[in-house]
Amino acid sequence: MARGRSPGYEDQREMILNQAAALFARRGYPATSMNEVAEACGLSKPTLYHYFKDKYHLLVHITEGHVSRLQALVEEVQAQNLPPEARLRTLIQRFVQEYAEAQHAHRVLTEDVKFLQPEDHERVLNKERAVVAAFADALGQMRPDTEAAGLTKALTMLLFGMINWMFTWLRPDGELDYEAMAPIVADLFFGGVPAVRTDGAAARSAP
């Protein structure tokens, strides 16, 4: 009879993923070895391989796990059936707060996803596209004219440009933290969106 997993198996896996994400974020995926991951986890290398077959599978689990959590977050917000603006504002705030808890995994996703094999890369990318589409859908409902002008996706990506790269400049020990920045990002975006003109873009996109 197959031996069952110990009660702490999933907790141990999560600890390993967190330690590996911190190392990948600090040193980069290519420069990090399984020996270093094992040492950071306080485990022997054979024990580490009991949980993950190699370094590549750590990368897959870190990147896909992070995006899957973002997808789940989107589904939670969508289930609230909020009006478009309130939905988008909530999504912004929830994502900024989530990044605060997953800074290392987020850095790995943004910087090391290129090391995924094509099939894995495409699967992770499709999850990212679904997340972006949820933001774009709320924005398109807020400003239908941006959809007609072909600007909804561009505006959505500008928004992600604000929140995706905060980890490069927002210091954890600084005066501002992610919780304080979440409503600021939302206010900045919603303060600027009404000023976007779509007439010129619509003219340029006309056949």
# chains A, B, ... in the order shown; residues from 1 in each chain; ligands from 1
$ select_by_dssp --residues "stretch 74-128 of chain A" --states "alpha helix (DSSP H)" --output "MDAnalysis selection string"
chainID A and resid 74:78 84:101 103:112 118:128
$ residues_around --residues "A:Glu75" --least-positions-apart "3" --cutoff "12 Å" --atoms "only C-alpha atoms" --output "PyMOL selection string"
chain A and resi 68-72+78-81+87+90-91+94+130-131+134-135
$ residues_around --residues "stretch 139-147 of chain A" --least-positions-apart "6" --cutoff "8 Å" --atoms "only C-alpha atoms" --output "number ranges by chain"
A: 84-85, 88, 156, 198
$ write_last_selection --atoms "N, CA and C atoms" --output "mmCIF file, in the first residue's frame"
data_model
loop_
_atom_site.group_PDB
_atom_site.id
_atom_site.type_symbol
_atom_site.label_atom_id
_atom_site.label_comp_id
_atom_site.auth_asym_id
_atom_site.auth_seq_id
_atom_site.Cartn_x
_atom_site.Cartn_y
_atom_site.Cartn_z
ATOM 1 N N PRO A 84 -18.869 48.653 -12.583
ATOM 2 C CA PRO A 84 -17.542 48.601 -13.223
ATOM 3 C C PRO A 84 -16.454 49.394 -12.507
ATOM 4 N N GLU A 85 -16.722 50.642 -12.133
ATOM 5 C CA GLU A 85 -15.677 51.454 -11.503
ATOM 6 C C GLU A 85 -15.294 50.886 -10.140
ATOM 7 N N LEU A 88 -13.221 47.732 -10.677
ATOM 8 C CA LEU A 88 -11.845 47.984 -11.080
ATOM 9 C C LEU A 88 -11.027 48.561 -9.932
ATOM 10 N N THR A 156 -5.313 49.531 -20.005
ATOM 11 C CA THR A 156 -5.158 48.476 -19.006
ATOM 12 C C THR A 156 -3.695 48.145 -18.787
ATOM 13 N N THR A 198 -10.535 60.026 -26.902
ATOM 14 C CA THR A 198 -10.574 58.877 -27.817
ATOM 15 C C THR A 198 -10.873 59.274 -29.248
#
$ residues_around --residues "stretch 168-180 of chain A" --least-positions-apart "6" --cutoff "8 Å" --atoms "only C-alpha atoms" --output "list in words"
Val96, Gln97, Tyr99 and Ala100 of chain A
$ closest_atom_pairs --of "stretch 66-169 of chain A" --to "stretch 13-29 of chain A" --cutoff "12 Å" --atoms "only C-alpha atoms" --output "tab-separated table"
residue	atom	partner	partner_atom	distance
A:His66	CA	A:Ala21	CA	10.5
A:Glu101	CA	A:Asn18	CA	10.8
A:Ala102	CA	A:Asn18	CA	8.8
A:Gln103	CA	A:Ala25	CA	8.6
A:His104	CA	A:Ala22	CA	5.2
A:Ala105	CA	A:Ala21	CA	5.4
A:His106	CA	A:Ala25	CA	8.5
A:Arg107	CA	A:Ala25	CA	5.7
A:Val108	CA	A:Ala25	CA	5.5
A:Leu109	CA	A:Ala25	CA	9.2
A:Thr110	CA	A:Ala25	CA	9.8
A:Glu111	CA	A:Gly28	CA	8.2
A:Asp112	CA	A:Tyr29	CA	6.4
A:Val113	CA	A:Tyr29	CA	9.5
A:Lys114	CA	A:Tyr29	CA	10.2
A:Phe115	CA	A:Tyr29	CA	8.2
A:Leu116	CA	A:Tyr29	CA	10.6
A:Phe167	CA	A:Ala25	CA	10.8
A:Thr168	CA	A:Ala25	CA	11.2
$ atom_distance --atom1 "atom CA of A:Leu151" --atom2 "atom CA of A:Ile163"
18.8 Å
$ atom_distance --atom1 "atom CA of A:Ala182" --atom2 "atom CA of A:Asn126"
25.5 Å
